[in-house]
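Have a look at upload-v3.pdb below; it lists PDB, C-alpha atoms.
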ATOM      1  CA  MET A 601     180.962  -7.250  21.101
ATOM      2  CA  ASP A 602     180.744 -11.024  21.520
ATOM      3  CA  LEU A 603     182.995 -11.784  24.496
ATOM      4  CA  GLY A 604     183.518 -15.363  23.300
ATOM      5  CA  ASP A 605     184.892 -14.170  19.946
ATOM      6  CA  TYR A 606     187.086 -11.606  21.710
ATOM      7  CA  LEU A 607     188.504 -14.293  24.039
ATOM      8  CA  ASP A 608     189.059 -16.619  21.072
ATOM      9  CA  ARG A 609     191.157 -13.984  19.292
ATOM     10  CA  LEU A 610     193.044 -13.233  22.514
ATOM     11  CA  ALA A 611     193.750 -16.954  23.062
ATOM     12  CA  GLN A 612     195.131 -17.255  19.515
ATOM     13  CA  LEU A 613     197.471 -14.311  20.115
ATOM     14  CA  LEU A 614     198.656 -15.726  23.448
ATOM     15  CA  ARG A 615     199.237 -19.175  21.896
ATOM     16  CA  GLY A 616     201.372 -17.564  19.227
ATOM     17  CA  ALA A 617     203.352 -15.513  21.720
ATOM     18  CA  TYR A 618     204.303 -18.545  23.836
ATOM     19  CA  ARG A 619     204.488 -21.227  21.111
ATOM     20  CA  SER A 620     208.277 -21.569  21.227
ATOM     21  CA  SER A 621     208.931 -21.109  24.950
ATOM     22  CA  ALA A 622     206.040 -23.291  26.170
ATOM     23  CA  SER A 623     205.554 -25.778  23.350
ATOM     24  CA  GLY A 624     204.204 -28.463  25.683
ATOM     25  CA  VAL A 625     201.444 -26.246  27.049
ATOM     26  CA  GLU A 626     198.017 -26.308  25.424
ATOM     27  CA  LEU A 627     195.647 -23.329  25.638
ATOM     28  CA  GLN A 628     191.941 -24.123  25.449
ATOM     29  CA  LEU A 629     188.810 -21.985  25.367
ATOM     30  CA  GLU A 630     185.427 -23.086  26.724
ATOM     31  CA  ARG A 631     182.603 -20.791  25.718
ATOM     32  CA  PRO A 632     178.825 -20.945  25.685
ATOM     33  CA  ALA A 633     176.965 -21.964  22.553
ATOM     34  CA  GLN A 634     175.092 -18.649  22.527
ATOM     35  CA  PRO A 635     176.990 -15.350  22.133
ATOM     36  CA  VAL A 636     177.647 -13.281  25.249
ATOM     37  CA  TYR A 637     177.558  -9.609  24.319
ATOM     38  CA  LEU A 638     179.373  -7.004  26.393
ATOM     39  CA  ASP A 639     180.070  -3.332  25.917
ATOM     40  CA  LEU A 640     183.700  -2.259  25.464
ATOM     41  CA  GLU A 641     183.710  -0.741  28.957
ATOM     42  CA  ARG A 642     183.596  -4.272  30.363
ATOM     43  CA  ALA A 643     185.056  -6.355  27.532
ATOM     44  CA  ILE A 644     188.427  -4.598  27.790
ATOM     45  CA  PRO A 645     188.913  -5.308  31.529
ATOM     46  CA  CYS A 646     187.917  -8.944  30.840
ATOM     47  CA  GLY A 647     190.589  -9.192  28.156
ATOM     48  CA  LEU A 648     193.223  -7.567  30.357
ATOM     49  CA  VAL A 649     192.484  -9.928  33.260
ATOM     50  CA  VAL A 650     192.602 -12.989  30.998
ATOM     51  CA  ASN A 651     195.800 -11.761  29.358
ATOM     52  CA  GLU A 652     197.506 -11.287  32.723
ATOM     53  CA  LEU A 653     196.385 -14.607  34.239
ATOM     54  CA  VAL A 654     197.198 -16.655  31.121
ATOM     55  CA  THR A 655     200.574 -14.944  30.708
ATOM     56  CA  ASN A 656     201.351 -15.644  34.375
ATOM     57  CA  ALA A 657     200.428 -19.313  33.868
ATOM     58  CA  PHE A 658     202.641 -19.639  30.792
ATOM     59  CA  LYS A 659     205.554 -18.047  32.670
ATOM     60  CA  HIS A 660     205.268 -19.764  36.057
ATOM     61  CA  ALA A 661     202.935 -22.786  36.073
ATOM     62  CA  PHE A 662     205.018 -25.059  33.843
ATOM     63  CA  PRO A 663     208.724 -24.847  34.767
ATOM     64  CA  ALA A 664     211.442 -27.012  33.217
ATOM     65  CA  GLN A 665     209.530 -27.877  30.020
ATOM     66  CA  ARG A 666     206.622 -29.307  32.018
ATOM     67  CA  THR A 667     203.557 -29.975  29.873
ATOM     68  CA  GLY A 668     200.001 -29.063  30.720
ATOM     69  CA  ILE A 669     196.809 -27.246  29.888
ATOM     70  CA  ILE A 670     195.616 -23.692  30.472
ATOM     71  CA  THR A 671     191.871 -23.235  30.070
ATOM     72  CA  ILE A 672     189.961 -20.002  29.605
ATOM     73  CA  SER A 673     186.248 -20.442  30.274
ATOM     74  CA  LEU A 674     183.172 -18.277  29.934
ATOM     75  CA  HIS A 675     179.777 -19.234  31.363
ATOM     76  CA  SER A 676     176.506 -17.369  31.664
ATOM     77  CA  CYS A 677     173.871 -18.138  34.301
ATOM     78  CA  ASP A 678     171.074 -16.110  35.920
ATOM     79  CA  GLU A 679     172.177 -12.638  34.771
ATOM     80  CA  ARG A 680     175.766 -13.334  35.903
ATOM     81  CA  LEU A 681     178.850 -14.169  33.875
ATOM     82  CA  THR A 682     181.718 -16.293  35.098
ATOM     83  CA  LEU A 683     185.101 -15.889  33.456
ATOM     84  CA  GLY A 684     187.676 -18.471  34.445
ATOM     85  CA  VAL A 685     191.365 -19.116  33.919
ATOM     86  CA  ARG A 686     192.772 -22.373  35.232
ATOM     87  CA  ASP A 687     195.875 -24.453  34.711
ATOM     88  CA  ASP A 688     197.115 -27.867  35.791
ATOM     89  CA  GLY A 689     200.606 -26.599  36.547
ATOM     90  CA  VAL A 690     202.596 -26.428  39.773
ATOM     91  CA  GLY A 691     200.010 -24.289  41.567
ATOM     92  CA  LEU A 692     200.215 -21.043  43.467
ATOM     93  CA  PRO A 693     202.886 -20.528  46.103
ATOM     94  CA  ALA A 694     201.800 -20.881  49.715
ATOM     95  CA  GLY A 695     200.458 -17.608  51.029
ATOM     96  CA  PHE A 696     199.856 -16.132  47.564
ATOM     97  CA  ASP A 697     197.902 -12.898  47.917
ATOM     98  CA  PHE A 698     197.049 -10.386  45.179
ATOM     99  CA  ASP A 699     197.519  -7.569  47.711
ATOM    100  CA  ALA A 700     201.171  -8.546  48.249
ATOM    101  CA  VAL A 701     202.348  -9.337  44.700
ATOM    102  CA  LYS A 702     205.169  -7.349  43.153
ATOM    103  CA  SER A 703     204.089  -7.785  39.514
ATOM    104  CA  LEU A 704     202.307  -4.697  38.201
ATOM    105  CA  GLY A 705     200.109  -6.867  35.974
ATOM    106  CA  LEU A 706     198.904  -9.010  38.860
ATOM    107  CA  GLN A 707     198.376  -5.894  40.999
ATOM    108  CA  LEU A 708     195.955  -4.674  38.321
ATOM    109  CA  VAL A 709     193.796  -7.825  38.374
ATOM    110  CA  PRO A 710     191.759  -6.881  41.503
ATOM    111  CA  LEU A 711     191.311  -3.329  40.183
ATOM    112  CA  LEU A 712     190.015  -4.621  36.844
ATOM    113  CA  ILE A 713     187.634  -7.003  38.639
ATOM    114  CA  ASP A 714     186.328  -4.027  40.646
ATOM    115  CA  GLN A 715     185.645  -2.237  37.339
ATOM    116  CA  LEU A 716     183.473  -5.207  36.380
ATOM    117  CA  HIS A 717     181.638  -5.056  39.734
ATOM    118  CA  GLY A 718     182.891  -8.603  40.078
ATOM    119  CA  GLU A 719     184.191 -11.043  42.620
ATOM    120  CA  LEU A 720     187.320 -13.187  42.437
ATOM    121  CA  GLN A 721     187.598 -16.721  43.727
ATOM    122  CA  MET A 722     190.978 -18.489  43.723
ATOM    123  CA  VAL A 723     191.279 -22.260  44.027
ATOM    124  CA  ARG A 724     194.591 -23.991  44.751
ATOM    125  CA  ASP A 725     193.852 -27.588  43.838
ATOM    126  CA  GLY A 726     196.098 -29.292  41.295
ATOM    127  CA  GLY A 727     197.242 -26.070  39.679
ATOM    128  CA  ALA A 728     195.736 -22.603  39.866
ATOM    129  CA  SER A 729     192.173 -21.580  39.144
ATOM    130  CA  TYR A 730     190.665 -18.112  39.083
ATOM    131  CA  LEU A 731     186.937 -17.512  38.730
ATOM    132  CA  ILE A 732     185.652 -13.992  38.178
ATOM    133  CA  THR A 733     181.897 -13.578  38.509
ATOM    134  CA  PHE A 734     180.216 -10.331  37.485
ATOM    135  CA  PRO A 735     176.816  -8.997  36.374
ATOM    136  CA  ALA A 736     175.864  -9.665  32.758
ATOM    137  CA  ALA A 737     174.385  -6.155  32.505
ATOM    138  CA  LEU A 738     175.865  -2.843  33.561
ATOM    139  CA  PRO A 739     174.422  -1.368  36.747
ATOM    140  CA  ALA A 740     172.464   1.829  36.240
ATOM    141  CA  ARG A 741     174.588   4.974  36.425
ATOM    142  CA  GLY A 742     174.851   6.338  39.942
ATOM    143  CA  THR A 743     174.424   2.906  41.579
ATOM    144  CA  THR A 744     177.023   0.357  42.600
TER     145      THR A 744
END

Output the structure of this file as structure tokens.
Amino acid sequence: MDLGDYLDRLAQLLRGAYRSSASGVELQLERPAQPVYLDLERAIPCGLVVNELVTNAFKHAFPAQRTGIITISLHSCDERLTLGVRDDGVGLPAGFDFDAVKSLGLQLVPLLIDQLHGELQMVRDGGASYLITFPAALPARGTT
């Protein structure tokens, strides 16, 4: 499946779900001009990670009717894909650590990234930014 199309549909659903409670928050999608095809085994974890991070941003990054932008991005370079979710909200709390979160959804994020054979980078600069980098192709069975 084309991961860009999948993320576009997911973004539309998330926009609709939070339209009334976060009316001042815009959700954008940046995707490559060329399709990025993934098998379902990896497209589903991508969608779950994006769903969790975007939902968390809608719920926590823009308190008290604050306005802002959440951006989902997808980039392809040198046999690697980078999936990003960033916002210009209030940022992550000091000492934020995926290993210590109480939310079941956020506890799943590192596990889903492991399924992708990926790496997570978090940036705390003017909001929150998560970059997940993973191989564009599945590793051969029996290898890691």

Quiz item: Skipping near chain neighbours, those fewer than 4 positions away, what residues fall within 12 Å of Ala664 in chain A using only C-alpha atoms, listed as number ranges by chain?
Solution: A: 621-625, 658-660, 668, 689-690

If the PyMOL selection byres ((chain A and resi 713) around 9) were run on this exact file, what residues would it hold? Put them as a JSON list (two decimals) with C-alpha atoms, keeping the file's coordinate frame.
[["chain", "number", "residue", "atom", "x", "y", "z"],
["A", 645, "PRO", "CA", 188.91, -5.31, 31.53],
["A", 646, "CYS", "CA", 187.92, -8.94, 30.84],
["A", 649, "VAL", "CA", 192.48, -9.93, 33.26],
["A", 708, "LEU", "CA", 195.96, -4.67, 38.32],
["A", 709, "VAL", "CA", 193.80, -7.82, 38.37],
["A", 710, "PRO", "CA", 191.76, -6.88, 41.50],
["A", 711, "LEU", "CA", 191.31, -3.33, 40.18],
["A", 712, "LEU", "CA", 190.02, -4.62, 36.84],
["A", 714, "ASP", "CA", 186.33, -4.03, 40.65],
["A", 715, "GLN", "CA", 185.64, -2.24, 37.34],
["A", 716, "LEU", "CA", 183.47, -5.21, 36.38],
["A", 717, "HIS", "CA", 181.64, -5.06, 39.73],
["A", 718, "GLY", "CA", 182.89, -8.60, 40.08],
["A", 719, "GLU", "CA", 184.19, -11.04, 42.62],
["A", 720, "LEU", "CA", 187.32, -13.19, 42.44],
["A", 732, "ILE", "CA", 185.65, -13.99, 38.18],
["A", 733, "THR", "CA", 181.90, -13.58, 38.51],
["A", 734, "PHE", "CA", 180.22, -10.33, 37.48]]

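Our summary of the geometry notes that CA of Val685 in chain A is positioned 10.0 Å from CA of Glu652 in chain A.
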
Quiz item: Between A:Leu627, A:Ala643, A:Ala737, A:Ala617, which is the closest to Met601 in chain A once you count only C-alpha atoms?
Solution: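 Closest candidate: A:Ala643.
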
Practice problem: Go through A:Leu638, A:Leu731, A:Leu706, A:Ala633 and flag the residue nearest Gly684 in chain A, using all atoms listed in the file for the distances. | Solution: A:Leu731

Exercise. To one decimal in Å, tell me the separation between CA of Ala694 in chain A and CA of Ser729 in chain A.
Key: 14.3 Å

Which residues fall under the PyMOL selection byres ((chain A and resi 608-616) around 10) in this file, as an mmCIF file with C-alpha atoms, keeping the file's coordinate frame?
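Writing the result to out-v2.cif gives the following:
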data_model
loop_
_atom_site.group_PDB
_atom_site.id
_atom_site.type_symbol
_atom_site.label_atom_id
_atom_site.label_comp_id
_atom_site.auth_asym_id
_atom_site.auth_seq_id
_atom_site.Cartn_x
_atom_site.Cartn_y
_atom_site.Cartn_z
ATOM 1 C CA LEU A 603 182.995 -11.784 24.496
ATOM 2 C CA GLY A 604 183.518 -15.363 23.300
ATOM 3 C CA ASP A 605 184.892 -14.170 19.946
ATOM 4 C CA TYR A 606 187.086 -11.606 21.710
ATOM 5 C CA LEU A 607 188.504 -14.293 24.039
ATOM 6 C CA ALA A 617 203.352 -15.513 21.720
ATOM 7 C CA TYR A 618 204.303 -18.545 23.836
ATOM 8 C CA ARG A 619 204.488 -21.227 21.111
ATOM 9 C CA SER A 620 208.277 -21.569 21.227
ATOM 10 C CA ALA A 622 206.040 -23.291 26.170
ATOM 11 C CA SER A 623 205.554 -25.778 23.350
ATOM 12 C CA VAL A 625 201.444 -26.246 27.049
ATOM 13 C CA GLU A 626 198.017 -26.308 25.424
ATOM 14 C CA LEU A 627 195.647 -23.329 25.638
ATOM 15 C CA GLN A 628 191.941 -24.123 25.449
ATOM 16 C CA LEU A 629 188.810 -21.985 25.367
ATOM 17 C CA GLU A 630 185.427 -23.086 26.724
ATOM 18 C CA ARG A 631 182.603 -20.791 25.718
ATOM 19 C CA GLY A 647 190.589 -9.192 28.156
ATOM 20 C CA LEU A 648 193.223 -7.567 30.357
ATOM 21 C CA VAL A 650 192.602 -12.989 30.998
ATOM 22 C CA ASN A 651 195.800 -11.761 29.358
ATOM 23 C CA VAL A 654 197.198 -16.655 31.121
ATOM 24 C CA THR A 655 200.574 -14.944 30.708
ATOM 25 C CA PHE A 658 202.641 -19.639 30.792
ATOM 26 C CA THR A 671 191.871 -23.235 30.070
ATOM 27 C CA ILE A 672 189.961 -20.002 29.605
#

Quiz item: Pick the closest to Asp639 in chain A from A:Pro693, A:Ile669, A:Asp602, A:Asp725: which is it, counting only C-alpha atoms?
Solution: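 Selected residue with least distance to Asp639 in chain A: A:Asp602.
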
Please output range 639-665 of chain A, rebuilt to include N, CA, C and O atoms, as a PDB file, in the frame of the given file.
ATOM      1  N   ASP A 639     179.588  -4.616  26.411  1.00  0.00           N
ATOM      2  CA  ASP A 639     180.070  -3.332  25.917  1.00  0.00           C
ATOM      3  C   ASP A 639     181.587  -3.280  26.086  1.00  0.00           C
ATOM      4  O   ASP A 639     182.168  -4.053  26.860  1.00  0.00           O
ATOM      5  N   LEU A 640     182.237  -2.379  25.376  1.00  0.00           N
ATOM      6  CA  LEU A 640     183.700  -2.259  25.464  1.00  0.00           C
ATOM      7  C   LEU A 640     184.167  -1.891  26.863  1.00  0.00           C
ATOM      8  O   LEU A 640     185.255  -2.287  27.271  1.00  0.00           O
ATOM      9  N   GLU A 641     183.350  -1.159  27.602  1.00  0.00           N
ATOM     10  CA  GLU A 641     183.710  -0.741  28.957  1.00  0.00           C
ATOM     11  C   GLU A 641     183.988  -1.943  29.859  1.00  0.00           C
ATOM     12  O   GLU A 641     184.775  -1.848  30.795  1.00  0.00           O
ATOM     13  N   ARG A 642     183.360  -3.069  29.559  1.00  0.00           N
ATOM     14  CA  ARG A 642     183.596  -4.272  30.363  1.00  0.00           C
ATOM     15  C   ARG A 642     184.381  -5.341  29.611  1.00  0.00           C
ATOM     16  O   ARG A 642     185.069  -6.142  30.224  1.00  0.00           O
ATOM     17  N   ALA A 643     184.309  -5.357  28.294  1.00  0.00           N
ATOM     18  CA  ALA A 643     185.056  -6.355  27.532  1.00  0.00           C
ATOM     19  C   ALA A 643     186.567  -6.131  27.671  1.00  0.00           C
ATOM     20  O   ALA A 643     187.332  -7.096  27.788  1.00  0.00           O
ATOM     21  N   ILE A 644     186.997  -4.888  27.684  1.00  0.00           N
ATOM     22  CA  ILE A 644     188.427  -4.598  27.790  1.00  0.00           C
ATOM     23  C   ILE A 644     188.999  -5.066  29.126  1.00  0.00           C
ATOM     24  O   ILE A 644     190.022  -5.760  29.136  1.00  0.00           O
ATOM     25  N   PRO A 645     188.375  -4.754  30.282  1.00  0.00           N
ATOM     26  CA  PRO A 645     188.913  -5.308  31.529  1.00  0.00           C
ATOM     27  C   PRO A 645     188.928  -6.841  31.541  1.00  0.00           C
ATOM     28  O   PRO A 645     189.862  -7.446  32.068  1.00  0.00           O
ATOM     29  N   CYS A 646     187.922  -7.476  30.935  1.00  0.00           N
ATOM     30  CA  CYS A 646     187.917  -8.944  30.840  1.00  0.00           C
ATOM     31  C   CYS A 646     189.153  -9.430  30.083  1.00  0.00           C
ATOM     32  O   CYS A 646     189.845 -10.346  30.522  1.00  0.00           O
ATOM     33  N   GLY A 647     189.431  -8.808  28.948  1.00  0.00           N
ATOM     34  CA  GLY A 647     190.589  -9.192  28.156  1.00  0.00           C
ATOM     35  C   GLY A 647     191.896  -8.964  28.891  1.00  0.00           C
ATOM     36  O   GLY A 647     192.808  -9.799  28.824  1.00  0.00           O
ATOM     37  N   LEU A 648     191.997  -7.849  29.613  1.00  0.00           N
ATOM     38  CA  LEU A 648     193.223  -7.567  30.357  1.00  0.00           C
ATOM     39  C   LEU A 648     193.443  -8.574  31.478  1.00  0.00           C
ATOM     40  O   LEU A 648     194.571  -9.024  31.711  1.00  0.00           O
ATOM     41  N   VAL A 649     192.375  -8.938  32.184  1.00  0.00           N
ATOM     42  CA  VAL A 649     192.484  -9.928  33.260  1.00  0.00           C
ATOM     43  C   VAL A 649     192.911 -11.277  32.682  1.00  0.00           C
ATOM     44  O   VAL A 649     193.834 -11.918  33.191  1.00  0.00           O
ATOM     45  N   VAL A 650     192.256 -11.706  31.615  1.00  0.00           N
ATOM     46  CA  VAL A 650     192.602 -12.989  30.998  1.00  0.00           C
ATOM     47  C   VAL A 650     194.040 -12.958  30.498  1.00  0.00           C
ATOM     48  O   VAL A 650     194.811 -13.901  30.721  1.00  0.00           O
ATOM     49  N   ASN A 651     194.436 -11.886  29.845  1.00  0.00           N
ATOM     50  CA  ASN A 651     195.800 -11.761  29.358  1.00  0.00           C
ATOM     51  C   ASN A 651     196.799 -11.917  30.505  1.00  0.00           C
ATOM     52  O   ASN A 651     197.780 -12.655  30.393  1.00  0.00           O
ATOM     53  N   GLU A 652     196.579 -11.238  31.597  1.00  0.00           N
ATOM     54  CA  GLU A 652     197.506 -11.287  32.723  1.00  0.00           C
ATOM     55  C   GLU A 652     197.560 -12.681  33.352  1.00  0.00           C
ATOM     56  O   GLU A 652     198.640 -13.206  33.626  1.00  0.00           O
ATOM     57  N   LEU A 653     196.405 -13.297  33.578  1.00  0.00           N
ATOM     58  CA  LEU A 653     196.385 -14.607  34.239  1.00  0.00           C
ATOM     59  C   LEU A 653     196.952 -15.704  33.338  1.00  0.00           C
ATOM     60  O   LEU A 653     197.681 -16.581  33.810  1.00  0.00           O
ATOM     61  N   VAL A 654     196.661 -15.655  32.046  1.00  0.00           N
ATOM     62  CA  VAL A 654     197.198 -16.655  31.121  1.00  0.00           C
ATOM     63  C   VAL A 654     198.707 -16.461  30.957  1.00  0.00           C
ATOM     64  O   VAL A 654     199.478 -17.428  30.977  1.00  0.00           O
ATOM     65  N   THR A 655     199.139 -15.225  30.822  1.00  0.00           N
ATOM     66  CA  THR A 655     200.574 -14.944  30.708  1.00  0.00           C
ATOM     67  C   THR A 655     201.313 -15.441  31.942  1.00  0.00           C
ATOM     68  O   THR A 655     202.377 -16.064  31.841  1.00  0.00           O
ATOM     69  N   ASN A 656     200.746 -15.188  33.130  1.00  0.00           N
ATOM     70  CA  ASN A 656     201.351 -15.644  34.375  1.00  0.00           C
ATOM     71  C   ASN A 656     201.442 -17.173  34.400  1.00  0.00           C
ATOM     72  O   ASN A 656     202.454 -17.732  34.831  1.00  0.00           O
ATOM     73  N   ALA A 657     200.401 -17.847  33.915  1.00  0.00           N
ATOM     74  CA  ALA A 657     200.428 -19.313  33.868  1.00  0.00           C
ATOM     75  C   ALA A 657     201.511 -19.811  32.919  1.00  0.00           C
ATOM     76  O   ALA A 657     202.268 -20.727  33.259  1.00  0.00           O
ATOM     77  N   PHE A 658     201.593 -19.227  31.729  1.00  0.00           N
ATOM     78  CA  PHE A 658     202.641 -19.639  30.792  1.00  0.00           C
ATOM     79  C   PHE A 658     204.024 -19.455  31.408  1.00  0.00           C
ATOM     80  O   PHE A 658     204.906 -20.298  31.226  1.00  0.00           O
ATOM     81  N   LYS A 659     204.230 -18.361  32.124  1.00  0.00           N
ATOM     82  CA  LYS A 659     205.554 -18.047  32.670  1.00  0.00           C
ATOM     83  C   LYS A 659     205.911 -18.867  33.900  1.00  0.00           C
ATOM     84  O   LYS A 659     207.092 -19.175  34.110  1.00  0.00           O
ATOM     85  N   HIS A 660     204.929 -19.203  34.745  1.00  0.00           N
ATOM     86  CA  HIS A 660     205.268 -19.764  36.057  1.00  0.00           C
ATOM     87  C   HIS A 660     204.677 -21.140  36.362  1.00  0.00           C
ATOM     88  O   HIS A 660     205.185 -21.829  37.249  1.00  0.00           O
ATOM     89  N   ALA A 661     203.614 -21.548  35.694  1.00  0.00           N
ATOM     90  CA  ALA A 661     202.935 -22.786  36.073  1.00  0.00           C
ATOM     91  C   ALA A 661     203.606 -24.045  35.529  1.00  0.00           C
ATOM     92  O   ALA A 661     203.366 -25.142  36.032  1.00  0.00           O
ATOM     93  N   PHE A 662     204.454 -23.890  34.514  1.00  0.00           N
ATOM     94  CA  PHE A 662     205.018 -25.059  33.843  1.00  0.00           C
ATOM     95  C   PHE A 662     206.536 -24.932  33.712  1.00  0.00           C
ATOM     96  O   PHE A 662     207.070 -24.796  32.609  1.00  0.00           O
ATOM     97  N   PRO A 663     207.261 -24.986  34.833  1.00  0.00           N
ATOM     98  CA  PRO A 663     208.724 -24.847  34.767  1.00  0.00           C
ATOM     99  C   PRO A 663     209.388 -26.087  34.159  1.00  0.00           C
ATOM    100  O   PRO A 663     208.793 -27.171  34.110  1.00  0.00           O
ATOM    101  N   ALA A 664     210.591 -25.925  33.712  1.00  0.00           N
ATOM    102  CA  ALA A 664     211.442 -27.012  33.217  1.00  0.00           C
ATOM    103  C   ALA A 664     210.750 -27.863  32.149  1.00  0.00           C
ATOM    104  O   ALA A 664     210.727 -29.088  32.222  1.00  0.00           O
ATOM    105  N   GLN A 665     210.160 -27.192  31.163  1.00  0.00           N
ATOM    106  CA  GLN A 665     209.530 -27.877  30.020  1.00  0.00           C
ATOM    107  C   GLN A 665     208.368 -28.786  30.421  1.00  0.00           C
ATOM    108  O   GLN A 665     207.998 -29.694  29.694  1.00  0.00           O
TER     109      GLN A 665
END
